[in-house]
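A.B. asks: One file is attached below, input-v3.pdb, containing PDB, C-alpha atoms.
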ATOM      1  CA  MET J   1      91.453   3.099-109.130
ATOM      2  CA  ASN J   2      89.233   6.166-109.379
ATOM      3  CA  VAL J   3      85.963   4.265-109.138
ATOM      4  CA  PRO J   4      86.276   3.258-105.484
ATOM      5  CA  ALA J   5      87.487   6.747-104.600
ATOM      6  CA  ALA J   6      84.430   8.264-106.268
ATOM      7  CA  THR J   7      81.982   5.929-104.553
ATOM      8  CA  ASN J   8      83.423   6.067-101.030
ATOM      9  CA  PRO J   9      82.226   9.563 -99.981
ATOM     10  CA  ALA J  10      78.517   8.772-100.438
ATOM     11  CA  PRO J  11      78.365   5.878 -97.952
ATOM     12  CA  ALA J  12      80.521   7.839 -95.521
ATOM     13  CA  THR J  13      78.159  10.798 -95.760
ATOM     14  CA  GLY J  14      75.159   8.525 -95.255
ATOM     15  CA  ALA J  15      76.755   6.916 -92.212
ATOM     16  CA  ARG J  16      77.617  10.344 -90.801
ATOM     17  CA  ARG J  17      74.056  11.535 -91.356
ATOM     18  CA  LYS J  18      72.743   8.456 -89.591
ATOM     19  CA  ARG J  19      75.000   9.132 -86.615
ATOM     20  CA  VAL J  20      73.905  12.759 -86.451
ATOM     21  CA  LEU J  21      70.228  11.922 -86.540
ATOM     22  CA  GLY J  22      70.725   9.048 -84.119
ATOM     23  CA  LEU J  23      67.246   7.604 -84.447
ATOM     24  CA  GLY J  24      66.948   8.114 -88.179
ATOM     25  CA  LEU J  25      64.206  10.209 -89.772
ATOM     26  CA  PRO J  26      61.186   8.137 -88.588
ATOM     27  CA  GLY J  27      62.530   7.921 -85.049
ATOM     28  CA  THR J  28      63.304  11.635 -84.973
ATOM     29  CA  LEU J  29      59.782  12.503 -86.111
ATOM     30  CA  GLY J  30      58.390  10.154 -83.494
ATOM     31  CA  LEU J  31      60.556  11.750 -80.822
ATOM     32  CA  LEU J  32      59.269  15.212 -81.782
ATOM     33  CA  VAL J  33      55.674  14.022 -81.396
ATOM     34  CA  VAL J  34      56.397  12.414 -78.010
ATOM     35  CA  VAL J  35      58.203  15.520 -76.730
ATOM     36  CA  GLY J  36      55.347  17.662 -78.025
ATOM     37  CA  TRP J  37      52.758  15.681 -76.050
ATOM     38  CA  LEU J  38      54.972  15.748 -72.951
ATOM     39  CA  LEU J  39      55.179  19.537 -73.184
ATOM     40  CA  VAL J  40      51.416  19.738 -73.610
ATOM     41  CA  ALA J  41      50.924  17.553 -70.524
ATOM     42  CA  LEU J  42      53.200  19.845 -68.497
ATOM     43  CA  VAL J  43      52.075  23.244 -69.785
ATOM     44  CA  ALA J  44      48.368  22.858 -70.609
ATOM     45  CA  PRO J  45      47.010  22.986 -67.020
ATOM     46  CA  TRP J  46      48.615  26.414 -66.498
ATOM     47  CA  TRP J  47      48.271  27.721 -70.032
ATOM     48  CA  VAL J  48      44.566  26.987 -70.627
ATOM     49  CA  PRO J  49      42.277  29.504 -68.856
ATOM     50  CA  ALA J  50      39.602  28.147 -66.536
ATOM     51  CA  SER J  51      36.851  29.827 -68.585
ATOM     52  CA  ALA J  52      37.767  27.635 -71.584
ATOM     53  CA  GLN J  53      36.358  24.633 -69.706
ATOM     54  CA  ASP J  54      32.919  26.141 -69.035
ATOM     55  CA  ILE J  55      29.923  23.930 -69.730
ATOM     56  CA  GLY J  56      27.620  25.297 -72.407
ATOM     57  CA  ALA J  57      30.165  27.750 -73.781
ATOM     58  CA  LEU J  58      29.386  26.327 -77.246
ATOM     59  CA  PRO J  59      26.400  24.489 -78.730
ATOM     60  CA  VAL J  60      26.449  20.774 -78.027
ATOM     61  CA  PHE J  61      28.642  18.979 -80.595
ATOM     62  CA  ALA J  62      29.323  22.248 -82.403
ATOM     63  CA  PRO J  63      31.403  21.677 -85.560
ATOM     64  CA  ALA J  64      34.981  22.859 -85.950
ATOM     65  CA  GLN J  65      35.215  26.614 -86.375
ATOM     66  CA  ALA J  66      37.668  29.468 -85.997
ATOM     67  CA  GLY J  67      38.837  29.624 -82.403
ATOM     68  CA  HIS J  68      37.419  26.169 -81.649
ATOM     69  CA  TRP J  69      39.329  23.931 -84.016
ATOM     70  CA  LEU J  70      37.935  20.627 -82.745
ATOM     71  CA  GLY J  71      34.369  21.761 -82.106
ATOM     72  CA  ALA J  72      32.527  20.971 -78.869
ATOM     73  CA  ASP J  73      31.696  17.887 -76.809
ATOM     74  CA  TYR J  74      28.387  16.602 -75.433
ATOM     75  CA  LEU J  75      28.258  19.408 -72.811
ATOM     76  CA  GLY J  76      29.296  22.212 -75.141
ATOM     77  CA  ARG J  77      32.914  22.351 -73.952
ATOM     78  CA  ASP J  78      35.774  23.129 -76.315
ATOM     79  CA  MET J  79      37.187  19.775 -77.468
ATOM     80  CA  LEU J  80      40.658  21.151 -78.197
ATOM     81  CA  VAL J  81      40.894  22.294 -74.582
ATOM     82  CA  ARG J  82      39.632  18.906 -73.378
ATOM     83  CA  VAL J  83      42.210  17.030 -75.448
ATOM     84  CA  LEU J  84      45.048  19.281 -74.279
ATOM     85  CA  LEU J  85      44.066  18.913 -70.628
ATOM     86  CA  GLY J  86      43.549  15.168 -71.045
ATOM     87  CA  ALA J  87      47.203  14.782 -72.020
ATOM     88  CA  ARG J  88      48.344  15.241 -68.422
ATOM     89  CA  TYR J  89      46.449  12.111 -67.373
ATOM     90  CA  THR J  90      47.137   9.974 -70.431
ATOM     91  CA  VAL J  91      50.788  10.940 -70.917
ATOM     92  CA  ALA J  92      51.993  11.856 -67.434
ATOM     93  CA  VAL J  93      50.304   9.033 -65.525
ATOM     94  CA  ALA J  94      51.390   6.449 -68.106
ATOM     95  CA  LEU J  95      54.974   7.732 -68.112
ATOM     96  CA  VAL J  96      55.307   7.625 -64.316
ATOM     97  CA  ALA J  97      53.752   4.136 -64.154
ATOM     98  CA  ALA J  98      56.001   2.839 -66.952
ATOM     99  CA  ILE J  99      59.145   4.229 -65.297
ATOM    100  CA  LEU J 100      58.177   2.734 -61.933
ATOM    101  CA  ALA J 101      57.388  -0.655 -63.498
ATOM    102  CA  SER J 102      60.596  -0.742 -65.517
ATOM    103  CA  ALA J 103      62.799   0.434 -62.637
ATOM    104  CA  THR J 104      61.267  -2.013 -60.153
ATOM    105  CA  GLY J 105      61.404  -4.944 -62.555
ATOM    106  CA  THR J 106      64.988  -4.188 -63.567
ATOM    107  CA  CYS J 107      66.237  -3.854 -59.974
ATOM    108  CA  LEU J 108      64.581  -7.111 -58.926
ATOM    109  CA  ALA J 109      65.897  -8.837 -62.057
ATOM    110  CA  MET J 110      69.485  -7.773 -61.421
ATOM    111  CA  LEU J 111      69.207  -8.847 -57.786
ATOM    112  CA  ALA J 112      67.883 -12.253 -58.856
ATOM    113  CA  ALA J 113      70.554 -12.718 -61.525
ATOM    114  CA  VAL J 114      73.436 -11.718 -59.250
ATOM    115  CA  SER J 115      72.167 -13.649 -56.216
ATOM    116  CA  GLY J 116      70.900 -16.820 -57.860
ATOM    117  CA  GLY J 117      69.726 -19.717 -55.674
ATOM    118  CA  TRP J 118      66.538 -19.483 -53.640
ATOM    119  CA  LEU J 119      66.154 -15.708 -54.051
ATOM    120  CA  ASP J 120      66.147 -16.016 -57.833
ATOM    121  CA  ALA J 121      63.634 -18.863 -57.615
ATOM    122  CA  VAL J 122      61.286 -16.990 -55.256
ATOM    123  CA  LEU J 123      61.336 -13.774 -57.284
ATOM    124  CA  SER J 124      60.884 -15.581 -60.594
ATOM    125  CA  ARG J 125      57.980 -17.716 -59.368
ATOM    126  CA  GLY J 126      56.319 -14.664 -57.836
ATOM    127  CA  MET J 127      56.579 -12.768 -61.124
ATOM    128  CA  ASP J 128      55.246 -15.784 -63.021
ATOM    129  CA  THR J 129      52.214 -15.748 -60.733
ATOM    130  CA  LEU J 130      51.573 -12.041 -61.330
ATOM    131  CA  ILE J 131      52.014 -12.271 -65.085
ATOM    132  CA  SER J 132      49.472 -15.101 -65.271
ATOM    133  CA  ILE J 133      46.684 -12.747 -64.088
ATOM    134  CA  PRO J 134      44.979 -10.941 -67.030
ATOM    135  CA  SER J 135      45.917  -7.276 -66.813
ATOM    136  CA  LYS J 136      42.456  -5.803 -67.354
ATOM    137  CA  LEU J 137      40.875  -8.254 -64.902
ATOM    138  CA  PHE J 138      43.421  -7.313 -62.244
ATOM    139  CA  ALA J 139      42.840  -3.602 -62.906
ATOM    140  CA  MET J 140      39.060  -3.992 -62.669
ATOM    141  CA  ILE J 141      39.374  -5.877 -59.372
ATOM    142  CA  MET J 142      41.605  -3.130 -57.938
ATOM    143  CA  VAL J 143      39.222  -0.370 -59.041
ATOM    144  CA  ALA J 144      36.189  -2.256 -57.722
ATOM    145  CA  ALA J 145      37.900  -2.805 -54.373
ATOM    146  CA  PHE J 146      39.482   0.608 -53.783
ATOM    147  CA  GLY J 147      37.726   2.987 -56.197
ATOM    148  CA  ALA J 148      39.076   4.806 -59.217
ATOM    149  CA  SER J 149      41.724   7.423 -58.503
ATOM    150  CA  VAL J 150      44.843   8.592 -60.287
ATOM    151  CA  PRO J 151      47.280   7.202 -57.647
ATOM    152  CA  LEU J 152      45.501   3.836 -57.695
ATOM    153  CA  LEU J 153      45.559   3.666 -61.496
ATOM    154  CA  MET J 154      49.264   4.490 -61.449
ATOM    155  CA  LEU J 155      49.982   1.827 -58.810
ATOM    156  CA  THR J 156      47.850  -0.766 -60.600
ATOM    157  CA  ALA J 157      49.574  -0.191 -63.944
ATOM    158  CA  THR J 158      52.959  -0.411 -62.218
ATOM    159  CA  VAL J 159      52.150  -3.760 -60.578
ATOM    160  CA  ILE J 160      50.731  -5.162 -63.825
ATOM    161  CA  TYR J 161      53.839  -4.416 -65.897
ATOM    162  CA  VAL J 162      56.590  -5.150 -63.361
ATOM    163  CA  PRO J 163      56.661  -8.899 -64.259
ATOM    164  CA  GLY J 164      57.193  -8.240 -67.968
ATOM    165  CA  ALA J 165      60.014  -5.812 -67.262
ATOM    166  CA  TYR J 166      61.486  -8.320 -64.795
ATOM    167  CA  ARG J 167      61.552 -11.164 -67.324
ATOM    168  CA  ILE J 168      63.281  -9.073 -69.997
ATOM    169  CA  ALA J 169      65.847  -7.615 -67.599
ATOM    170  CA  ARG J 170      66.541 -10.955 -65.891
ATOM    171  CA  ALA J 171      67.245 -12.699 -69.200
ATOM    172  CA  LEU J 172      69.727  -9.946 -70.065
ATOM    173  CA  ALA J 173      71.262  -9.836 -66.589
ATOM    174  CA  ILE J 174      71.762 -13.624 -66.468
ATOM    175  CA  ASN J 175      73.796 -13.445 -69.675
ATOM    176  CA  VAL J 176      75.927 -10.579 -68.385
ATOM    177  CA  SER J 177      76.457 -12.246 -64.980
ATOM    178  CA  ALA J 178      78.099 -15.219 -66.682
ATOM    179  CA  LEU J 179      80.766 -13.083 -68.408
ATOM    180  CA  ASP J 180      84.378 -13.201 -67.275
ATOM    181  CA  TYR J 181      84.682  -9.678 -65.901
ATOM    182  CA  VAL J 182      81.643 -10.223 -63.649
ATOM    183  CA  VAL J 183      83.059 -13.532 -62.426
ATOM    184  CA  VAL J 184      86.361 -11.776 -61.654
ATOM    185  CA  ALA J 185      84.559  -9.008 -59.757
ATOM    186  CA  ARG J 186      82.627 -11.596 -57.776
ATOM    187  CA  THR J 187      85.848 -13.513 -57.028
ATOM    188  CA  ARG J 188      87.599 -10.474 -55.609
ATOM    189  CA  GLY J 189      84.707 -10.049 -53.150
ATOM    190  CA  GLU J 190      82.619  -7.229 -54.609
ATOM    191  CA  SER J 191      79.147  -6.817 -53.091
ATOM    192  CA  ARG J 192      75.874  -7.578 -54.855
ATOM    193  CA  TRP J 193      75.088  -3.878 -55.195
ATOM    194  CA  TYR J 194      78.452  -3.220 -56.792
ATOM    195  CA  LEU J 195      77.895  -6.033 -59.289
ATOM    196  CA  MET J 196      74.384  -4.801 -60.058
ATOM    197  CA  LEU J 197      75.214  -1.123 -60.488
ATOM    198  CA  HIS J 198      78.731  -1.239 -61.943
ATOM    199  CA  GLU J 199      78.906  -4.488 -63.889
ATOM    200  CA  VAL J 200      75.393  -5.553 -64.922
ATOM    201  CA  LEU J 201      73.334  -2.360 -65.314
ATOM    202  CA  PRO J 202      75.640  -0.518 -67.761
ATOM    203  CA  ASN J 203      75.540  -3.537 -70.064
ATOM    204  CA  ILE J 204      71.758  -3.945 -70.136
ATOM    205  CA  ILE J 205      70.645  -0.308 -70.052
ATOM    206  CA  ALA J 206      70.099   0.002 -73.821
ATOM    207  CA  PRO J 207      67.621  -2.896 -74.242
ATOM    208  CA  VAL J 208      65.972  -1.995 -70.931
ATOM    209  CA  THR J 209      65.397   1.524 -72.267
ATOM    210  CA  VAL J 210      63.787   0.057 -75.373
ATOM    211  CA  ASP J 211      61.551  -2.073 -73.178
ATOM    212  CA  LEU J 212      60.616   1.028 -71.165
ATOM    213  CA  GLY J 213      59.263   2.615 -74.339
ATOM    214  CA  LEU J 214      57.123  -0.422 -75.022
ATOM    215  CA  ARG J 215      55.888  -0.513 -71.413
ATOM    216  CA  PHE J 216      54.807   3.104 -71.836
ATOM    217  CA  VAL J 217      52.697   2.168 -74.867
ATOM    218  CA  TYR J 218      51.141  -0.743 -72.967
ATOM    219  CA  VAL J 219      50.235   1.498 -70.024
ATOM    220  CA  VAL J 220      48.714   4.155 -72.308
ATOM    221  CA  LEU J 221      46.488   1.544 -73.940
ATOM    222  CA  LEU J 222      45.558  -0.018 -70.579
ATOM    223  CA  LEU J 223      44.558   3.319 -69.049
ATOM    224  CA  ALA J 224      42.630   4.302 -72.177
ATOM    225  CA  SER J 225      40.726   1.017 -72.180
ATOM    226  CA  LEU J 226      39.874   1.346 -68.471
ATOM    227  CA  SER J 227      38.630   4.892 -69.020
ATOM    228  CA  PHE J 228      36.577   3.738 -71.990
ATOM    229  CA  LEU J 229      34.913   1.233 -69.637
ATOM    230  CA  GLY J 230      34.281   3.978 -67.075
ATOM    231  CA  LEU J 231      36.876   2.643 -64.623
ATOM    232  CA  GLY J 232      39.680   5.097 -65.302
ATOM    233  CA  VAL J 233      40.030   8.817 -64.623
ATOM    234  CA  GLN J 234      36.719  10.098 -63.266
ATOM    235  CA  PRO J 235      34.809  13.313 -64.167
ATOM    236  CA  PRO J 236      35.285  16.227 -64.153
ATOM    237  CA  ALA J 237      38.851  15.193 -65.018
ATOM    238  CA  ALA J 238      39.264  13.212 -68.220
ATOM    239  CA  ASP J 239      41.965  11.413 -70.123
ATOM    240  CA  TRP J 240      41.719  10.621 -73.827
ATOM    241  CA  GLY J 241      39.936   7.317 -73.232
ATOM    242  CA  THR J 242      37.301   9.090 -71.161
ATOM    243  CA  LEU J 243      36.759  11.650 -73.923
ATOM    244  CA  VAL J 244      36.085   8.870 -76.434
ATOM    245  CA  ARG J 245      33.579   7.191 -74.093
ATOM    246  CA  GLU J 246      31.762  10.426 -73.214
ATOM    247  CA  ASN J 247      31.062  11.346 -76.824
ATOM    248  CA  LEU J 248      30.734   7.923 -78.426
ATOM    249  CA  GLY J 249      26.936   7.955 -78.296
ATOM    250  CA  ALA J 250      26.811  10.805 -80.802
ATOM    251  CA  LEU J 251      29.442   9.495 -83.217
ATOM    252  CA  TRP J 252      27.481  10.517 -86.321
ATOM    253  CA  GLU J 253      26.442  13.898 -84.937
ATOM    254  CA  GLY J 254      29.685  14.909 -83.280
ATOM    255  CA  GLY J 255      32.246  12.592 -84.793
ATOM    256  CA  LEU J 256      35.122  15.015 -84.284
ATOM    257  CA  ALA J 257      34.664  14.797 -80.512
ATOM    258  CA  VAL J 258      35.313  11.038 -80.763
ATOM    259  CA  VAL J 259      37.931  11.017 -83.504
ATOM    260  CA  ALA J 260      40.153  13.746 -82.002
ATOM    261  CA  PRO J 261      41.056  11.949 -78.723
ATOM    262  CA  ALA J 262      41.290   8.617 -80.558
ATOM    263  CA  LEU J 263      43.793  10.158 -82.985
ATOM    264  CA  ALA J 264      45.712  11.618 -80.039
ATOM    265  CA  ILE J 265      46.086   8.121 -78.555
ATOM    266  CA  ALA J 266      47.109   6.720 -81.948
ATOM    267  CA  SER J 267      49.656   9.485 -82.582
ATOM    268  CA  LEU J 268      51.296   8.968 -79.192
ATOM    269  CA  THR J 269      51.542   5.180 -79.442
ATOM    270  CA  MET J 270      52.801   5.240 -83.038
ATOM    271  CA  ALA J 271      55.362   7.931 -82.204
ATOM    272  CA  VAL J 272      56.722   5.920 -79.268
ATOM    273  CA  ASN J 273      56.975   2.834 -81.469
ATOM    274  CA  LEU J 274      58.934   4.807 -84.069
ATOM    275  CA  VAL J 275      61.348   5.956 -81.364
ATOM    276  CA  VAL J 276      61.682   2.418 -79.998
ATOM    277  CA  ASP J 277      62.414   1.057 -83.485
ATOM    278  CA  GLY J 278      65.299   3.512 -83.795
ATOM    279  CA  LEU J 279      66.909   2.822 -80.413
ATOM    280  CA  PRO J 280      70.146   0.784 -80.420
ATOM    281  CA  GLY J 281      68.914  -1.753 -77.847
ATOM    282  CA  ARG J 282      66.005  -2.956 -79.978
ATOM    283  CA  ASP J 283      67.877  -5.889 -81.525
ATOM    284  CA  ALA J 284      69.141  -7.031 -78.140
ATOM    285  CA  ARG J 285      65.616  -7.041 -76.745
ATOM    286  CA  LYS J 286      64.308  -9.050 -79.688
ATOM    287  CA  ALA J 287      67.085 -11.574 -79.165
ATOM    288  CA  VAL J 288      65.811 -12.160 -75.624
ATOM    289  CA  HIS J 289      62.464 -13.271 -77.007
TER
END
Reformat the file's structure so that it appears as structure tokens.
C.D. replies:
Amino acid sequence: MNVPAATNPAPATGARRKRVLGLGLPGTLGLLVVVGWLLVALVAPWWVPASAQDIGALPVFAPAQAGHWLGADYLGRDMLVRVLLGARYTVAVALVAAILASATGTCLAMLAAVSGGWLDAVLSRGMDTLISIPSKLFAMIMVAAFGASVPLLMLTATVIYVPGAYRIARALAINVSALDYVVVARTRGESRWYLMLHEVLPNIIAPVTVDLGLRFVYVVLLLASLSFLGLGVQPPAADWGTLVRENLGALWEGGLAVVAPALAIASLTMAVNLVVDGLPGRDARKAVH
């Protein structure tokens, strides 16, 4: 009789610890990294003095040293300053684009699921058409046609990832729309907006939030790849992809100027994935696939 009593507290303590941490240890560490980069993106433009961005302030590709912990880039600018300032383009632009894509896709998906019929068919076929276009090809066409600018990059990334968010949210919303309490609400004459906001959305918000995290990673990698090709954020501004491209020619001479922004991209994407793995809607999203 004493054995079960002695063994019960340990699992209970473990379960309580898991509830307190929420995301678990890996997810919590990932969340700290993500929040840290978000704070850098918000604070760095006001915190870093303008003189820290001067060209020629240091020797070209100067090594790491006290006061300049990441050395200098190909124009003698402090790389730590460049990485910190680049966060506002990589992190902030990607976050806004991911939120817009997820919100637009989710709203259209709920409307299609609740309405059904021709509206569902039109929206679904339209999204299938968009998703069939390679993302980088579409982005390059947009940049070639309208020029590279931050608003255009944000809009392009939003359009590219709306169809993916739509497909995930629609699959979830279709399942919820078939449940009894939604059928009852529809029978008593509730409007589409009521069904979407009060019946469907609360029951799909967890997996949609997980998908938002993944969309954010996709947008970060898309923007970084465009910048690496010279089609992203244009000088004198620079995101992390631009920093890699600018200094890549001197990889052996100034490797830190290439490795530092590449590690920043890697740390952000891995941290977001750790957070996503710890979110409660992850299993629901995988079930959709």
A.B. asks: Could you jot down the CA of Pro26 (chain J) to CA of Tyr218 (chain J) separation for me, Å, one decimal place?
C.D. replies: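 Calculated distance between CA of Pro26 (chain J) and CA of Tyr218 (chain J) is 20.6 Å.
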A.B. asks: Which residue out of J:Leu155, J:Ala121, J:Val200, J:Val184 has the minimum interatomic distance to Ala169 (chain J) when all atoms listed in the file are used?
C.D. replies: J:Val200
A.B. asks: Could you check which of J:Ala262, J:Val220, J:Ala271, J:Ala178 is closest to Glu199 (chain J), using only C-alpha atoms?
C.D. replies: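 Of J:Ala262, J:Val220, J:Ala271, J:Ala178, the one nearest Glu199 (chain J), counting only C-alpha atoms, is J:Ala178.
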A.B. asks: Could you tell me which of J:Val91, J:Val219, J:Ala66, J:Leu179 comes closest to Gly36 (chain J) if we count all atoms listed in the file?
C.D. replies: J:Val91
A.B. asks: Within 9 Å of (60.9, -6.3, -62.2), only C-alpha atoms: residues as a PyMOL selection string?
C.D. replies: chain J and resi 101-110+123+127+161-170
A.B. asks: Which residues, protein or nucleic acid, reach to within 12 Å of (79.4, -5.5, -57.1) in the file's coordinates when using all atoms listed in the file, and can you give that as a list in words?
C.D. replies: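 Output: Met110, Leu111, Val114, Ser115, Ser177, Tyr181, Val182, Val183, Val184, Ala185, Arg186, Thr187, Arg188, Gly189, Glu190, Ser191, Arg192, Trp193, Tyr194, Leu195, Met196, Leu197, His198, Glu199, Val200 and Leu201 of chain J.
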A.B. asks: Select, from J:Val122, J:Val210, J:Ala144, J:Val93, the residue with the minimum atom-to-atom distance to Thr158 (chain J), counting all atoms listed in the file.
C.D. replies: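 Smallest distance to Thr158 (chain J) is found for J:Val93.
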A.B. asks: For Val43 (chain J), work out the shell of residues within 12 Å, counting all atoms listed in the file and skipping chain neighbours fewer than 6 positions away, then give it as an MDAnalysis selection string.
C.D. replies: chainID J and resid 36:37 49 84:88 92
A.B. asks: Could you write out as a PyMOL selection string the residues that the PyMOL selection byres ((chain J and resi 83) around 12) matches in the shown file?
C.D. replies: chain J and resi 37+40-41+44-45+48+53+69-73+77-82+84-91+237-244+256-265
A.B. asks: Record the distance separating CA of Gly76 (chain J) and CA of Asp54 (chain J), expressed in Å with one decimal.
C.D. replies: 8.1 Å
A.B. asks: Take the PyMOL selection byres ((chain J and resi 149) around 8), apply it to the structure above, and return the hits as a list in words.
C.D. replies: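 On this input, the PyMOL selection byres ((chain J and resi 149) around 8) captures Gly147, Ala148, Val150, Pro151, Leu152, Leu153, Gly232, Val233 and Gln234 of chain J.
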A.B. asks: Could you tell me which of J:Ala139, J:Leu268, J:Ala250, J:Val276 comes closest to Val60 (chain J) if we count only C-alpha atoms?
C.D. replies: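 Residue with the minimum atom-to-atom distance to Val60 (chain J): J:Ala250.
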A.B. asks: For CA of Thr156 (chain J) and CA of Met140 (chain J), quote the distance in Å rounded to one decimal.
C.D. replies: 9.6 Å
A.B. asks: Tell me which of J:Arg215, J:His68, J:Arg245, J:Arg125 sits closest to Ile99 (chain J), counting all atoms listed in the file.
C.D. replies: J:Arg215
